[in-house]
>>> print(open('final.cif').read())   # mmCIF, C-alpha atoms
data_input
#
loop_
_atom_site.group_PDB
_atom_site.id
_atom_site.type_symbol
_atom_site.label_atom_id
_atom_site.label_comp_id
_atom_site.auth_asym_id
_atom_site.auth_seq_id
_atom_site.Cartn_x
_atom_site.Cartn_y
_atom_site.Cartn_z
ATOM 1 C CA MET S 1 25.312 4.473 -14.085
ATOM 2 C CA ALA S 2 23.770 4.233 -10.620
ATOM 3 C CA ASP S 3 22.676 0.877 -9.219
ATOM 4 C CA PHE S 4 19.485 0.955 -7.141
ATOM 5 C CA ILE S 5 18.638 -2.271 -5.321
ATOM 6 C CA PHE S 6 15.089 -2.728 -4.034
ATOM 7 C CA TYR S 7 15.229 -5.278 -1.213
ATOM 8 C CA CYS S 8 11.754 -6.635 -0.478
ATOM 9 C CA SER S 9 9.561 -9.688 -0.989
ATOM 10 C CA GLY S 10 6.317 -10.468 -2.752
ATOM 11 C CA THR S 11 4.559 -13.766 -2.019
ATOM 12 C CA VAL S 12 1.195 -14.887 -0.682
ATOM 13 C CA LYS S 13 2.878 -15.383 2.708
ATOM 14 C CA THR S 14 4.481 -11.917 2.869
ATOM 15 C CA GLY S 15 1.753 -10.102 0.947
ATOM 16 C CA PHE S 16 2.380 -7.840 -2.044
ATOM 17 C CA GLY S 17 2.237 -4.375 -0.490
ATOM 18 C CA HIS S 18 6.000 -4.071 0.082
ATOM 19 C CA LEU S 19 6.713 -5.036 -3.523
ATOM 20 C CA SER S 20 4.042 -2.680 -4.864
ATOM 21 C CA ARG S 21 5.386 0.393 -3.139
ATOM 22 C CA CYS S 22 8.971 -0.502 -4.066
ATOM 23 C CA LEU S 23 7.907 -0.890 -7.702
ATOM 24 C CA ASN S 24 6.256 2.532 -7.556
ATOM 25 C CA VAL S 25 9.434 4.155 -6.245
ATOM 26 C CA ALA S 26 11.606 2.203 -8.680
ATOM 27 C CA ARG S 27 9.555 3.454 -11.625
ATOM 28 C CA ALA S 28 9.774 7.040 -10.379
ATOM 29 C CA THR S 29 13.521 6.673 -9.821
ATOM 30 C CA PHE S 30 14.024 5.360 -13.346
ATOM 31 C CA ALA S 31 11.880 8.167 -14.774
ATOM 32 C CA LEU S 32 14.077 10.744 -13.028
ATOM 33 C CA GLN S 33 17.332 8.949 -13.818
ATOM 34 C CA PRO S 34 16.806 6.779 -16.932
ATOM 35 C CA CYS S 35 20.362 5.432 -16.990
ATOM 36 C CA SER S 36 19.851 3.750 -13.605
ATOM 37 C CA ASN S 37 20.227 0.020 -13.166
ATOM 38 C CA ILE S 38 17.148 -1.150 -11.195
ATOM 39 C CA ILE S 39 17.449 -4.534 -9.474
ATOM 40 C CA PHE S 40 14.992 -6.319 -7.168
ATOM 41 C CA PHE S 41 16.419 -8.613 -4.506
ATOM 42 C CA GLY S 42 14.300 -10.830 -2.240
ATOM 43 C CA ASP S 43 11.748 -13.628 -2.201
ATOM 44 C CA PHE S 44 9.343 -13.333 -5.132
ATOM 45 C CA ASP S 45 6.757 -15.784 -6.418
ATOM 46 C CA GLN S 46 5.943 -16.142 -10.100
ATOM 47 C CA PHE S 47 3.293 -13.416 -10.044
ATOM 48 C CA SER S 48 5.682 -10.913 -8.444
ATOM 49 C CA THR S 49 8.633 -11.884 -10.619
ATOM 50 C CA GLN S 50 6.552 -11.261 -13.723
ATOM 51 C CA ARG S 51 5.349 -7.890 -12.378
ATOM 52 C CA ILE S 52 8.951 -6.768 -11.883
ATOM 53 C CA LYS S 53 10.025 -7.946 -15.323
ATOM 54 C CA ASN S 54 7.010 -6.296 -16.978
ATOM 55 C CA PHE S 55 8.543 -2.927 -16.064
ATOM 56 C CA GLY S 56 11.892 -3.933 -17.510
ATOM 57 C CA PHE S 57 13.604 -4.340 -14.140
ATOM 58 C CA THR S 58 15.930 -7.160 -13.122
ATOM 59 C CA VAL S 59 15.249 -9.849 -10.511
ATOM 60 C CA ALA S 60 18.502 -10.792 -8.764
ATOM 61 C CA ASP S 61 19.489 -14.451 -8.762
ATOM 62 C CA SER S 62 20.683 -16.407 -5.732
ATOM 63 C CA GLY S 63 24.312 -15.499 -6.407
ATOM 64 C CA PHE S 64 23.739 -11.753 -6.268
ATOM 65 C CA ILE S 65 26.427 -9.808 -4.374
ATOM 66 C CA PHE S 66 25.925 -6.369 -2.833
ATOM 67 C CA GLU S 67 28.702 -3.918 -3.714
ATOM 68 C CA PRO S 68 29.784 -0.591 -2.151
ATOM 69 C CA HIS S 69 28.648 1.602 -5.062
ATOM 70 C CA MET S 70 25.021 0.460 -4.752
ATOM 71 C CA THR S 71 22.087 2.274 -3.149
ATOM 72 C CA VAL S 72 19.624 -0.054 -1.408
ATOM 73 C CA LEU S 73 15.989 0.631 -0.508
ATOM 74 C CA ALA S 74 14.943 -2.028 2.017
ATOM 75 C CA ASP S 75 11.267 -2.693 2.740
ATOM 76 C CA SER S 76 10.196 -5.494 5.086
ATOM 77 C CA TYR S 77 9.030 -5.863 8.673
ATOM 78 C CA GLN S 78 11.386 -8.823 9.160
ATOM 79 C CA PHE S 79 14.877 -7.304 8.955
ATOM 80 C CA THR S 80 17.156 -7.671 11.963
ATOM 81 C CA PHE S 81 19.659 -5.102 13.168
ATOM 82 C CA GLU S 82 22.428 -7.524 12.189
ATOM 83 C CA GLN S 83 21.157 -7.957 8.616
ATOM 84 C CA LEU S 84 20.987 -4.232 8.011
ATOM 85 C CA PHE S 85 24.320 -3.534 9.697
ATOM 86 C CA GLU S 86 26.017 -6.188 7.525
ATOM 87 C CA LEU S 87 24.741 -4.364 4.442
ATOM 88 C CA LYS S 88 26.023 -1.045 5.734
ATOM 89 C CA LYS S 89 29.446 -2.537 6.517
ATOM 90 C CA ILE S 90 29.840 -3.324 2.815
ATOM 91 C CA GLY S 91 29.868 0.434 2.274
ATOM 92 C CA LEU S 92 26.677 0.913 0.282
ATOM 93 C CA LYS S 93 24.040 3.615 0.795
ATOM 94 C CA LEU S 94 21.161 2.212 2.846
ATOM 95 C CA CYS S 95 17.599 3.586 2.720
ATOM 96 C CA ILE S 96 14.603 1.968 4.393
ATOM 97 C CA ILE S 97 10.823 2.214 4.518
ATOM 98 C CA ASP S 98 9.957 2.102 8.209
ATOM 99 C CA ASP S 99 6.213 2.064 8.902
ATOM 100 C CA PHE S 100 6.431 1.479 12.641
ATOM 101 C CA ASP S 101 9.640 3.245 13.714
ATOM 102 C CA GLN S 102 11.430 -0.081 14.216
ATOM 103 C CA TYR S 103 14.557 0.699 12.163
ATOM 104 C CA ASN S 104 15.629 4.006 13.687
ATOM 105 C CA TYR S 105 19.357 3.198 13.502
ATOM 106 C CA ASP S 106 22.144 5.765 13.228
ATOM 107 C CA PHE S 107 23.875 3.999 10.337
ATOM 108 C CA ILE S 108 20.892 4.144 7.932
ATOM 109 C CA ASP S 109 21.174 6.971 5.391
ATOM 110 C CA LEU S 110 17.464 7.598 4.763
ATOM 111 C CA ILE S 111 14.360 6.523 6.711
ATOM 112 C CA VAL S 112 10.986 7.034 5.019
ATOM 113 C CA ASN S 113 7.671 6.621 6.811
ATOM 114 C CA PHE S 114 4.804 7.793 4.619
ATOM 115 C CA ARG S 115 2.044 6.924 7.070
ATOM 116 C CA PHE S 116 -0.455 9.660 7.721
ATOM 117 C CA ASN S 117 0.628 11.812 10.675
ATOM 118 C CA ALA S 118 3.919 9.900 11.006
ATOM 119 C CA GLU S 119 5.458 13.067 12.417
ATOM 120 C CA ALA S 120 3.435 12.567 15.599
ATOM 121 C CA PHE S 121 4.800 9.163 16.599
ATOM 122 C CA CYS S 122 8.272 8.795 15.056
ATOM 123 C CA ARG S 123 11.483 9.704 16.847
ATOM 124 C CA ALA S 124 12.468 11.916 13.948
ATOM 125 C CA THR S 125 16.059 12.627 12.940
ATOM 126 C CA ALA S 126 17.583 14.597 10.067
ATOM 127 C CA LYS S 127 17.530 11.347 8.058
ATOM 128 C CA HIS S 128 13.758 10.955 8.286
ATOM 129 C CA ARG S 129 11.218 11.833 5.606
ATOM 130 C CA LEU S 130 7.778 11.592 7.166
ATOM 131 C CA GLY S 131 4.129 11.652 6.180
ATOM 132 C CA VAL S 132 2.031 11.285 3.036
ATOM 133 C CA ARG S 133 4.281 13.870 1.346
ATOM 134 C CA TYR S 134 6.322 10.759 0.449
ATOM 135 C CA PHE S 135 3.454 8.326 -0.175
ATOM 136 C CA SER S 136 4.367 5.774 -2.857
ATOM 137 C CA PHE S 137 1.599 5.265 -5.423
ATOM 138 C CA ALA S 138 1.461 3.736 -8.901
ATOM 139 C CA GLN S 139 1.527 6.405 -11.597
ATOM 140 C CA GLU S 140 -1.596 4.907 -13.193
ATOM 141 C CA LEU S 141 -3.572 6.173 -10.191
ATOM 142 C CA LEU S 142 -2.784 9.785 -11.007
ATOM 143 C CA SER S 143 -5.156 10.061 -13.969
ATOM 144 C CA LEU S 144 -7.850 8.280 -11.955
ATOM 145 C CA ARG S 145 -7.548 10.794 -9.117
ATOM 146 C CA GLN S 146 -7.568 13.724 -11.504
ATOM 147 C CA SER S 147 -10.663 12.495 -13.344
ATOM 148 C CA ARG S 148 -12.503 11.824 -10.065
ATOM 149 C CA SER S 149 -11.557 15.226 -8.678
ATOM 150 C CA GLN S 150 -13.201 16.915 -11.658
ATOM 151 C CA VAL S 151 -16.507 15.066 -11.309
ATOM 152 C CA HIS S 152 -19.223 16.240 -8.941
ATOM 153 C CA PHE S 153 -19.405 13.791 -6.038
ATOM 154 C CA LYS S 154 -22.380 11.457 -6.168
ATOM 155 C CA ASN S 155 -23.091 9.457 -3.055
ATOM 156 C CA SER S 156 -24.239 6.441 -5.070
ATOM 157 C CA ILE S 157 -22.731 2.979 -4.884
ATOM 158 C CA GLU S 158 -23.055 0.505 -7.738
ATOM 159 C CA SER S 159 -19.830 -1.464 -7.505
ATOM 160 C CA ILE S 160 -18.002 -2.513 -4.315
ATOM 161 C CA LEU S 161 -14.461 -3.874 -4.163
ATOM 162 C CA VAL S 162 -13.353 -6.172 -1.337
ATOM 163 C CA PHE S 163 -9.566 -6.442 -1.196
ATOM 164 C CA ILE S 164 -8.123 -7.636 2.085
ATOM 165 C CA GLY S 165 -4.621 -8.121 0.700
ATOM 166 C CA GLY S 166 -2.131 -10.787 -0.260
ATOM 167 C CA ASN S 167 -2.546 -12.600 3.030
ATOM 168 C CA ASP S 168 -6.098 -12.729 4.410
ATOM 169 C CA ARG S 169 -4.932 -14.482 7.562
ATOM 170 C CA PHE S 170 -8.356 -14.532 9.240
ATOM 171 C CA ASP S 171 -10.311 -15.383 6.071
ATOM 172 C CA VAL S 172 -12.389 -12.273 6.648
ATOM 173 C CA ALA S 173 -13.055 -11.469 2.987
ATOM 174 C CA THR S 174 -15.950 -13.921 2.693
ATOM 175 C CA HIS S 175 -17.487 -12.441 5.872
ATOM 176 C CA VAL S 176 -17.297 -8.996 4.279
ATOM 177 C CA VAL S 177 -18.956 -10.217 1.071
ATOM 178 C CA TYR S 178 -21.840 -11.800 2.993
ATOM 179 C CA ALA S 179 -22.251 -8.651 5.101
ATOM 180 C CA LEU S 180 -22.448 -6.538 1.947
ATOM 181 C CA ASP S 181 -25.086 -8.888 0.550
ATOM 182 C CA LYS S 182 -27.215 -8.135 3.598
ATOM 183 C CA LEU S 183 -26.878 -4.375 3.135
ATOM 184 C CA PHE S 184 -27.195 -3.945 -0.628
ATOM 185 C CA VAL S 185 -29.448 -5.081 -3.455
ATOM 186 C CA ASN S 186 -28.597 -5.276 -7.166
ATOM 187 C CA LYS S 187 -25.004 -4.094 -6.746
ATOM 188 C CA GLU S 188 -21.808 -5.624 -8.104
ATOM 189 C CA ILE S 189 -19.513 -7.041 -5.421
ATOM 190 C CA ILE S 190 -15.958 -7.737 -6.593
ATOM 191 C CA LEU S 191 -13.600 -9.818 -4.457
ATOM 192 C CA LEU S 192 -9.907 -9.540 -5.276
ATOM 193 C CA ASP S 193 -8.355 -12.702 -3.856
ATOM 194 C CA GLN S 194 -5.802 -15.093 -5.285
ATOM 195 C CA LYS S 195 -7.932 -18.051 -4.127
ATOM 196 C CA MET S 196 -10.924 -16.660 -6.078
ATOM 197 C CA PRO S 197 -13.520 -18.383 -3.837
ATOM 198 C CA SER S 198 -16.901 -19.313 -5.235
ATOM 199 C CA ILE S 199 -19.607 -17.465 -3.288
ATOM 200 C CA SER S 200 -23.348 -17.518 -3.932
ATOM 201 C CA LEU S 201 -25.200 -14.316 -3.025
ATOM 202 C CA LYS S 202 -28.916 -13.715 -2.600
ATOM 203 C CA ASN S 203 -29.203 -10.024 -3.432
ATOM 204 C CA ASN S 204 -26.211 -8.949 -5.533
ATOM 205 C CA THR S 205 -23.926 -10.104 -8.322
ATOM 206 C CA TYR S 206 -20.523 -11.471 -7.359
ATOM 207 C CA GLN S 207 -17.264 -11.499 -9.268
ATOM 208 C CA ALA S 208 -13.980 -13.021 -8.076
ATOM 209 C CA LEU S 209 -10.688 -11.750 -9.475
ATOM 210 C CA GLY S 210 -7.163 -13.058 -9.019
ATOM 211 C CA PHE S 211 -4.415 -10.549 -8.356
ATOM 212 C CA VAL S 212 -3.852 -8.057 -11.157
ATOM 213 C CA ASP S 213 -0.883 -6.040 -12.390
ATOM 214 C CA ASP S 214 -2.728 -2.743 -12.720
ATOM 215 C CA MET S 215 -4.956 -1.944 -9.752
ATOM 216 C CA SER S 216 -6.099 1.297 -11.370
ATOM 217 C CA ALA S 217 -8.226 -0.733 -13.794
ATOM 218 C CA VAL S 218 -10.086 -2.264 -10.845
ATOM 219 C CA TYR S 219 -10.311 0.981 -8.870
ATOM 220 C CA ARG S 220 -11.711 2.754 -11.905
ATOM 221 C CA GLN S 221 -14.931 0.702 -11.763
ATOM 222 C CA THR S 222 -15.293 0.907 -7.973
ATOM 223 C CA ASP S 223 -17.537 3.154 -5.845
ATOM 224 C CA LEU S 224 -16.588 1.729 -2.433
ATOM 225 C CA ILE S 225 -13.589 -0.255 -1.198
ATOM 226 C CA ILE S 226 -13.474 -2.537 1.836
ATOM 227 C CA ASN S 227 -9.772 -3.116 2.413
ATOM 228 C CA GLY S 228 -7.435 -4.975 4.751
ATOM 229 C CA GLY S 229 -5.910 -1.995 6.500
ATOM 230 C CA GLY S 230 -2.616 -1.819 4.603
ATOM 231 C CA LEU S 231 -1.532 0.033 1.467
ATOM 232 C CA THR S 232 -4.970 -0.172 -0.186
ATOM 233 C CA LYS S 233 -6.577 2.308 2.209
ATOM 234 C CA TYR S 234 -3.979 4.879 1.161
ATOM 235 C CA GLU S 235 -4.482 4.100 -2.539
ATOM 236 C CA ALA S 236 -8.255 4.394 -2.113
ATOM 237 C CA GLY S 237 -7.814 7.749 -0.411
ATOM 238 C CA PHE S 238 -5.471 8.987 -3.098
ATOM 239 C CA CYS S 239 -8.025 7.961 -5.752
ATOM 240 C CA LEU S 240 -10.882 9.686 -3.847
ATOM 241 C CA ILE S 241 -12.765 6.415 -3.385
ATOM 242 C CA PRO S 242 -14.851 6.010 -0.207
ATOM 243 C CA ASN S 243 -13.335 3.204 1.846
ATOM 244 C CA CYS S 244 -13.459 1.205 5.055
ATOM 245 C CA ALA S 245 -10.579 -0.710 6.618
ATOM 246 C CA ILE S 246 -10.653 -3.983 8.529
ATOM 247 C CA SER S 247 -7.124 -4.222 9.906
ATOM 248 C CA GLN S 248 -5.089 -7.432 9.970
ATOM 249 C CA THR S 249 -2.786 -6.508 12.849
ATOM 250 C CA ASN S 250 -2.791 -4.220 15.896
ATOM 251 C CA ALA S 251 -0.128 -2.028 14.266
ATOM 252 C CA GLN S 252 -2.261 -1.660 11.135
ATOM 253 C CA HIS S 253 -5.242 -0.842 13.335
ATOM 254 C CA LYS S 254 -3.384 2.042 14.985
ATOM 255 C CA ASP S 255 -2.663 3.413 11.531
ATOM 256 C CA THR S 256 -6.289 2.945 10.499
ATOM 257 C CA LEU S 257 -7.435 4.874 13.581
ATOM 258 C CA GLU S 258 -5.111 7.760 12.641
ATOM 259 C CA LEU S 259 -6.614 7.905 9.158
ATOM 260 C CA ALA S 260 -10.159 7.488 10.455
ATOM 261 C CA SER S 261 -9.705 10.396 12.874
ATOM 262 C CA ALA S 262 -8.978 12.577 9.840
ATOM 263 C CA HIS S 263 -11.901 11.115 7.813
ATOM 264 C CA LEU S 264 -9.521 9.364 5.380
ATOM 265 C CA THR S 265 -10.986 5.907 6.013
ATOM 266 C CA PHE S 266 -13.637 4.304 8.208
ATOM 267 C CA ASP S 267 -12.552 1.850 10.886
ATOM 268 C CA LEU S 268 -14.197 -1.589 10.827
ATOM 269 C CA GLY S 269 -12.040 -2.936 13.644
ATOM 270 C CA LEU S 270 -9.711 -5.926 13.678
ATOM 271 C CA ALA S 271 -10.161 -8.843 11.289
ATOM 272 C CA GLU S 272 -9.651 -11.392 14.055
ATOM 273 C CA ASP S 273 -12.753 -10.075 15.863
ATOM 274 C CA ALA S 274 -14.974 -9.736 12.797
ATOM 275 C CA THR S 275 -18.153 -11.673 12.158
ATOM 276 C CA VAL S 276 -20.735 -11.244 9.411
ATOM 277 C CA GLU S 277 -23.031 -9.619 11.988
ATOM 278 C CA SER S 278 -20.459 -7.149 13.338
ATOM 279 C CA LEU S 279 -19.325 -6.226 9.833
ATOM 280 C CA THR S 280 -22.907 -5.654 8.737
ATOM 281 C CA LEU S 281 -23.473 -3.259 11.633
ATOM 282 C CA ASN S 282 -20.197 -1.394 11.127
ATOM 283 C CA ILE S 283 -20.527 -1.022 7.360
ATOM 284 C CA GLU S 284 -24.098 0.219 7.896
ATOM 285 C CA ARG S 285 -22.704 2.847 10.297
ATOM 286 C CA PHE S 286 -20.340 3.966 7.565
ATOM 287 C CA LEU S 287 -23.157 4.191 5.020
ATOM 288 C CA HIS S 288 -25.072 6.480 7.389
ATOM 289 C CA SER S 289 -22.042 8.713 7.996
ATOM 290 C CA ASP S 290 -21.217 11.792 5.947
ATOM 291 C CA ILE S 291 -19.192 10.209 3.140
ATOM 292 C CA LYS S 292 -18.605 13.656 1.646
ATOM 293 C CA LEU S 293 -16.289 14.312 4.598
ATOM 294 C CA GLN S 294 -14.019 11.514 3.363
ATOM 295 C CA ARG S 295 -13.811 12.976 -0.116
ATOM 296 C CA ALA S 296 -13.027 16.451 1.216
ATOM 297 C CA ALA S 297 -10.290 15.059 3.471
ATOM 298 C CA MET S 298 -8.816 13.009 0.621
ATOM 299 C CA LEU S 299 -8.720 16.019 -1.677
ATOM 300 C CA LYS S 300 -6.648 18.085 0.741
ATOM 301 C CA SER S 301 -4.420 15.390 2.315
ATOM 302 C CA TYR S 302 -2.616 13.734 -0.610
ATOM 303 C CA PHE S 303 0.057 15.096 -2.936
ATOM 304 C CA LEU S 304 0.222 14.463 -6.686
ATOM 305 C CA ASP S 305 4.035 14.219 -6.736
ATOM 306 C CA SER S 306 4.703 12.251 -3.533
ATOM 307 C CA THR S 307 6.234 9.202 -5.256
ATOM 308 C CA GLU S 308 8.529 11.470 -7.221
ATOM 309 C CA GLN S 309 9.513 13.229 -3.984
ATOM 310 C CA PHE S 310 10.376 9.850 -2.458
ATOM 311 C CA ALA S 311 12.489 8.899 -5.487
ATOM 312 C CA GLN S 312 14.314 12.221 -5.398
ATOM 313 C CA GLU S 313 15.345 11.570 -1.793
ATOM 314 C CA ILE S 314 16.855 8.192 -2.751
ATOM 315 C CA ILE S 315 18.727 9.751 -5.654
ATOM 316 C CA LYS S 316 20.089 12.429 -3.321
ATOM 317 C CA VAL S 317 21.446 9.720 -1.021
ATOM 318 C CA SER S 318 23.046 7.898 -3.956
ATOM 319 C CA ASN S 319 24.834 11.091 -4.990
ATOM 320 C CA GLU S 320 26.202 11.929 -1.540
#
>>> encode(input="final.cif", output="structure tokens")
Amino acid sequence: MADFIFYCSGTVKTGFGHLSRCLNVARATFALQPCSNIIFFGDFDQFSTQRIKNFGFTVADSGFIFEPHMTVLADSYQFTFEQLFELKKIGLKLCIIDDFDQYNYDFIDLIVNFRFNAEAFCRATAKHRLGVRYFSFAQELLSLRQSRSQVHFKNSIESILVFIGGNDRFDVATHVVYALDKLFVNKEIILLDQKMPSISLKNNTYQALGFVDDMSAVYRQTDLIINGGGLTKYEAGFCLIPNCAISQTNAQHKDTLELASAHLTFDLGLAEDATVESLTLNIERFLHSDIKLQRAAMLKSYFLDSTEQFAQEIIKVSNE
């Protein structure tokens, strides 16, 4: 029985994107190899711990010991060379998700970067798997994409989701909500935020949600997503949902610009620079753009089996 260790974190401080994509790959790995032992190692809050356990996976305790027969998928922006090299010295197989080409080390067995157009800016080696061909999505999104792809596109917006992410460091979500209230009338604005702030709007209805296990249930009722520039803009694209991204970091913004150049999102700039006024102007620009271009780009750019492809690569490494 193979042991697959998913080394990541999921807290308000770290955000939940790393955990989400590791969970997606873990589920695909288990589906392909049902006898696998799936273990999550890292810093997890109660919400994340429960998410992991809901899928029947194990959360490692503080006394967990890495062993040579294990295959590790590491996913964090905070690893040091020394940390990763210590893992490799144990003798285990080491795979890593590397969004920004920061872990391009000879001793790593598999490096996955599923950013759009990753081939253009990574120093690729034989160990790399690059691009949205390996995008990690939750399997619940597949039926949502398929149902949306079969429906004639209607450029009508009734429900808008604002989801900046686990860590809205610039508190930009409330700015976005107020900007939307200036642009729309009689729409439903949903804010996904663990703090669930109370906001009073003049022109639209407002609903605050805490974080949820199954994002597909929220996406299913959404016609437009304003996201924080991370994983959500990829999930929105996969689900064929028009979306705009307000990036939290410069690195995220570079990624957003890549997607925007291919009509896979619309760039709202950096969160640290955003005001209600600037957001209102930029979202209005998006609304006057050809949103059909986004849908067409989304239809041709994503793959229905990309998570499975990712999992297969990890299994290959474990069998080497």
>>> closest_residue(input="final.cif", among="S:Arg133, S:Lys154, S:Lys89, S:Lys127", to="S:Arg115", atoms="all atoms listed in the file")
S:Arg133
>>> axis_aligned_box(input="final.cif", around="stretch 3-20 of chain S", padding_each_side="5 Å", output="AutoDock Vina command-line options")
--center_x 11.9 --center_y -7.2 --center_z -3.2 --size_x 31.5 --size_y 26.3 --size_z 22.1
>>> resolve_selection(input="final.cif", expression="the PyMOL selection byres ((chain S and resi 189-205) around 8)", output="ChimeraX atom specification")
/S:159-166,173-174,177-178,180-182,184-188,206-211
>>> residues_around(input="final.cif", residues="S:Tyr302", least_positions_apart="4", cutoff="9 Å", atoms="all atoms listed in the file", output="list of chain:residue names")
S:Val132, S:Arg133, S:Phe135, S:Gly237, S:Phe238, S:Ala297, S:Met298, S:Ser306
>>> write_last_selection(input="final.cif", atoms="C-alpha atoms", output="short mmCIF file (atom, residue, chain, number, x, y, z; two decimals), in the coordinates of the input")
data_model
loop_
_atom_site.label_atom_id
_atom_site.label_comp_id
_atom_site.auth_asym_id
_atom_site.auth_seq_id
_atom_site.Cartn_x
_atom_site.Cartn_y
_atom_site.Cartn_z
CA VAL S 132 2.03 11.28 3.04
CA ARG S 133 4.28 13.87 1.35
CA PHE S 135 3.45 8.33 -0.18
CA GLY S 237 -7.81 7.75 -0.41
CA PHE S 238 -5.47 8.99 -3.10
CA ALA S 297 -10.29 15.06 3.47
CA MET S 298 -8.82 13.01 0.62
CA SER S 306 4.70 12.25 -3.53
#
>>> resolve_selection(input="final.cif", expression="the PyMOL selection byres ((chain S and resi 292) around 10)", output="short mmCIF file (atom, residue, chain, number, x, y, z; two decimals) with C-alpha atoms, in the frame of the given file")
data_model
loop_
_atom_site.label_atom_id
_atom_site.label_comp_id
_atom_site.auth_asym_id
_atom_site.auth_seq_id
_atom_site.Cartn_x
_atom_site.Cartn_y
_atom_site.Cartn_z
CA PHE S 153 -19.40 13.79 -6.04
CA LYS S 154 -22.38 11.46 -6.17
CA ASN S 155 -23.09 9.46 -3.06
CA PRO S 242 -14.85 6.01 -0.21
CA HIS S 263 -11.90 11.12 7.81
CA SER S 289 -22.04 8.71 8.00
CA ASP S 290 -21.22 11.79 5.95
CA ILE S 291 -19.19 10.21 3.14
CA LEU S 293 -16.29 14.31 4.60
CA GLN S 294 -14.02 11.51 3.36
CA ARG S 295 -13.81 12.98 -0.12
CA ALA S 296 -13.03 16.45 1.22
CA ALA S 297 -10.29 15.06 3.47
CA MET S 298 -8.82 13.01 0.62
#
